[in-house]
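So the structure is just underneath, and the comments pick up after that.
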Amino acid sequence: MRLKFNLTRFLPKTLFGQVLITLIVNLLIFLSFGFMFIVDDHNKINSHLLTEYSAQRVAGIVSVLNDATPAERETLAQKLSVPPTTITLDTTWQQQAFDLNEADALLLENIQKNLNTQLKIQVLKIDALPENFISSLNFKNDTKFSIYHKKKNTPFYSRELFVQIKLHDNSTITIHHFLPDKVRELFLRFFTFAIMLTVVVISLASWSIYTLTKPLKNLAKAATELGTNINTPPLTEVGPEEIVLASKAFNSMQNSLKSHIETRTQALFAVSHDLRLPLTRLRLRIEDNLPAKLKEQIDQDIEEMEAMIGQTLDYLKAGHDTEAFIKLNISSLLDSICDNMEDLGANIERFGKINAPIIAQPQAINRCLSNIFENARRYGGDKITLTLSDLVSHIKITIEDNGSGIPENDLLNVFEPYYRLEASRSRHTGGTGLGLPIAKKIIEHHHGKIFLSSPQNKGLIVTILLPKNGHPQNKITMS
């Protein structure tokens, strides 16, 4: 079986990380090419210093001495012997049998090019000559040669050039030339430069990329929070022109949604509130001249309509009321709710305790938990299990029943307003389809999360996570 290699899984997930990685890769490619060019230039510089410059200097001296008379050469040799190139006229032609290496051959070729006549030239291999040859050499004005080869006895052959030339009158001159030092420490210098450049570029680029991508992150965060809180503060319209346009469009959309929702809510509030008056008049009118059974049926319908109106108003207010956030003893509140449910015939088994108070709206949380327990009492079989867990920054409340459960494809639908399951969870058992939606809106208003699960359709498990301090920036994960 062939395995496909997917490089993208190793890339950062954020736009900031991907842009930064792209920049670093491009910077490394740039530095690699730069290093190649520098190495090439370094080699060319060393080649120029070792061959062309040295060959030109030697050829110039040879040309002058070749054109001079034998009587003039001694004086000229004295004058031209200026370090790093010095001359002696006292050494005889040395016979050597060896093959020239590439550098020596290139040097001789360059010397010949710079001469205006053909002369016999050879490069001396000092280590191939007798040991006393160095001591016999006497280069004029070359104190450096004496220091290296006589006083310290430390040959420096790798940085020296010994050349012999036969002039047109068959006389021999020997030239000693100290080669310039190579351009060294290339790798260390380039590495230091690369490190400094990388640190500066990445630091500035990181700051720039972060500054440019932060508005996008804020936009994504605002879009996420918009689903749970339409009244989130508007985005700050700063950054590049595209980000500013996106922020303006988002703020405009939020204002339009807010206006639409407020209009719809006010209309529903008005209709729900105004329906109560005719229902009250209807209740009074059925008192006269109606059979008892018909009167009872109409009265049940009126009670159901009033319950639906009340829960509709509760749903519209959920997450939008002005109740103050205070310290709430959640364990005591749950004890009170459980006692009430048990008075109605529920069998509740409790585990765990939360000692520290949380910051919450007491009436809203009471309404939320009462709705969930009422659902469990009505549809959850003969036993309800309550489990409390005290986490680091959150509390976890788990309410489990052993009823028939909810099909998996309906676990999200039951949070939709007026959505009722068929059969047992129908209007005829008192449900209006607003209990869980109200609970969800209240939990999200507290910046919490609510999860439903129904393993193998055997009972329903409701899990609630609430931040202890009610702060929206606490991230909630299942544990």
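Chain lettering (A, B, ...) mirrors the order of the structure tokens, residue numbering begins at 1 for each chain separately, and ligand numbering begins at 1 in order of display.
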Practice prompt. Can you pull out every residue within 9 Å of segment 238-254 of chain A, counting only C-alpha atoms, but drop anything in the same chain fewer than 2 positions away, and send it as a list of chain:residue names?
Written response: A:Thr211, A:Leu212, A:Thr213, A:Lys214, A:Pro215, A:Leu216, A:Leu219, A:Ala222, A:Ala223, A:Leu226, A:Ile230, A:Asn231, A:Thr232, A:Pro234, A:Leu235, A:Thr236, A:Ser256, A:Leu257, A:Lys258, A:Ser259
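Residue nearest Gly459 of chain A, chosen from A:Tyr379, A:Phe162, A:Phe178, A:Phe190 and counting only C-alpha atoms: A:Tyr379.
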Item to complete: Using DSSP on the backbone, list every residue of segment 325-445 of chain A that comes out as strand (DSSP E or B), and give them as a ChimeraX atom specification.
Response: /A:326-328,348-351,358-360,384-390,394-401
Keeping N, CA and C atoms for every residue in the selection just given, could you write it to a file as a compact mmCIF listing (two decimals), in the first residue's frame?
# COMPACT_ATOMS: atom_id res chain seq x y z
N ILE A 326 -23.79 37.76 40.74
CA ILE A 326 -23.34 37.77 42.14
C ILE A 326 -22.69 36.43 42.46
N LYS A 327 -22.13 36.33 43.67
CA LYS A 327 -21.58 35.05 44.12
C LYS A 327 -22.74 34.11 44.44
N LEU A 328 -22.70 32.92 43.85
CA LEU A 328 -23.80 31.98 43.97
C LEU A 328 -23.27 30.65 44.47
N ILE A 348 -33.73 11.18 42.96
CA ILE A 348 -32.46 11.80 42.55
C ILE A 348 -31.33 11.27 43.42
N GLU A 349 -30.28 10.81 42.77
CA GLU A 349 -29.07 10.36 43.46
C GLU A 349 -27.97 11.38 43.20
N ARG A 350 -27.31 11.85 44.27
CA ARG A 350 -26.35 12.96 44.14
C ARG A 350 -24.94 12.49 44.47
N PHE A 351 -23.97 13.02 43.68
CA PHE A 351 -22.55 12.72 43.91
C PHE A 351 -21.75 14.02 43.78
N ILE A 358 -19.68 30.50 42.66
CA ILE A 358 -19.37 30.96 41.31
C ILE A 358 -20.05 32.30 41.09
N ILE A 359 -19.59 33.03 40.07
CA ILE A 359 -20.21 34.31 39.72
C ILE A 359 -21.27 34.04 38.66
N ALA A 360 -22.55 34.29 39.00
CA ALA A 360 -23.63 33.95 38.08
C ALA A 360 -24.88 34.76 38.42
N ILE A 384 -32.80 9.80 38.54
CA ILE A 384 -31.96 10.87 38.00
C ILE A 384 -30.66 10.88 38.81
N THR A 385 -29.52 10.98 38.12
CA THR A 385 -28.22 11.03 38.79
C THR A 385 -27.60 12.40 38.57
N LEU A 386 -27.25 13.05 39.67
CA LEU A 386 -26.59 14.37 39.63
C LEU A 386 -25.16 14.22 40.10
N THR A 387 -24.20 14.65 39.26
CA THR A 387 -22.77 14.58 39.61
C THR A 387 -22.15 15.97 39.47
N LEU A 388 -21.46 16.41 40.53
CA LEU A 388 -20.80 17.72 40.54
C LEU A 388 -19.29 17.53 40.56
N SER A 389 -18.57 18.30 39.74
CA SER A 389 -17.10 18.25 39.70
C SER A 389 -16.57 19.66 39.78
N ASP A 390 -15.59 19.86 40.66
CA ASP A 390 -14.96 21.17 40.83
C ASP A 390 -13.64 21.17 40.07
N HIS A 394 -13.43 26.03 36.26
CA HIS A 394 -14.82 25.80 35.89
C HIS A 394 -15.45 24.79 36.83
N ILE A 395 -16.77 24.74 36.79
CA ILE A 395 -17.49 23.67 37.46
C ILE A 395 -18.18 22.83 36.39
N LYS A 396 -18.38 21.56 36.71
CA LYS A 396 -19.01 20.64 35.78
C LYS A 396 -20.23 20.01 36.46
N ILE A 397 -21.37 20.13 35.82
CA ILE A 397 -22.62 19.57 36.34
C ILE A 397 -23.11 18.53 35.33
N THR A 398 -23.31 17.31 35.80
CA THR A 398 -23.80 16.23 34.93
C THR A 398 -25.13 15.72 35.47
N ILE A 399 -26.17 15.74 34.63
CA ILE A 399 -27.50 15.27 35.00
C ILE A 399 -27.85 14.13 34.06
N GLU A 400 -28.03 12.94 34.62
CA GLU A 400 -28.24 11.74 33.81
C GLU A 400 -29.54 11.07 34.21
N ASP A 401 -30.35 10.71 33.21
CA ASP A 401 -31.57 9.95 33.50
C ASP A 401 -31.49 8.59 32.82
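The spacing separating atom CA of Gly435 of chain A from atom CA of Asn375 of chain A amounts to 7.7 Å.
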Practice prompt. Taking the chain letters and numbering used in this document, name the residues of segment 183-300 of chain A that DSSP puts in helix (DSSP H, G or I), as an MDAnalysis selection string.
Written response: chainID A and resid 186:226 241:285 292:300
Worksheet entry | For Gln94 of chain A: contacts at 12 Å, only C-alpha atoms, fewer than 3 positions along chain excluded, given as number ranges by chain | A: 91, 97, 121-126, 128-130, 133, 162-166, 172-174
Would you output that residue set with C-alpha atoms, as a PDB file, in the first residue's frame?
ATOM      1  CA  THR A  91      72.032  31.829  -6.679  1.00  0.00           C
ATOM      2  CA  ALA A  97      62.595  17.214 -11.784  1.00  0.00           C
ATOM      3  CA  ILE A 121      61.199  30.433 -15.817  1.00  0.00           C
ATOM      4  CA  GLN A 122      60.760  27.849 -13.075  1.00  0.00           C
ATOM      5  CA  VAL A 123      59.050  27.682  -9.684  1.00  0.00           C
ATOM      6  CA  LEU A 124      61.361  26.267  -7.027  1.00  0.00           C
ATOM      7  CA  LYS A 125      60.145  23.538  -4.709  1.00  0.00           C
ATOM      8  CA  ILE A 126      62.217  24.407  -1.651  1.00  0.00           C
ATOM      9  CA  ALA A 128      62.817  19.264  -2.855  1.00  0.00           C
ATOM     10  CA  LEU A 129      66.232  21.030  -2.733  1.00  0.00           C
ATOM     11  CA  PRO A 130      69.184  20.390  -0.382  1.00  0.00           C
ATOM     12  CA  PHE A 133      69.883  25.808   0.120  1.00  0.00           C
ATOM     13  CA  PHE A 162      60.433  31.055  -5.041  1.00  0.00           C
ATOM     14  CA  VAL A 163      60.928  31.753  -8.775  1.00  0.00           C
ATOM     15  CA  GLN A 164      64.066  31.545 -10.906  1.00  0.00           C
ATOM     16  CA  ILE A 165      64.431  33.263 -14.296  1.00  0.00           C
ATOM     17  CA  LYS A 166      67.184  33.016 -16.912  1.00  0.00           C
ATOM     18  CA  THR A 172      70.007  33.848 -13.261  1.00  0.00           C
ATOM     19  CA  ILE A 173      67.919  35.846 -10.842  1.00  0.00           C
ATOM     20  CA  THR A 174      66.015  34.302  -7.960  1.00  0.00           C
TER      21      THR A 174
END
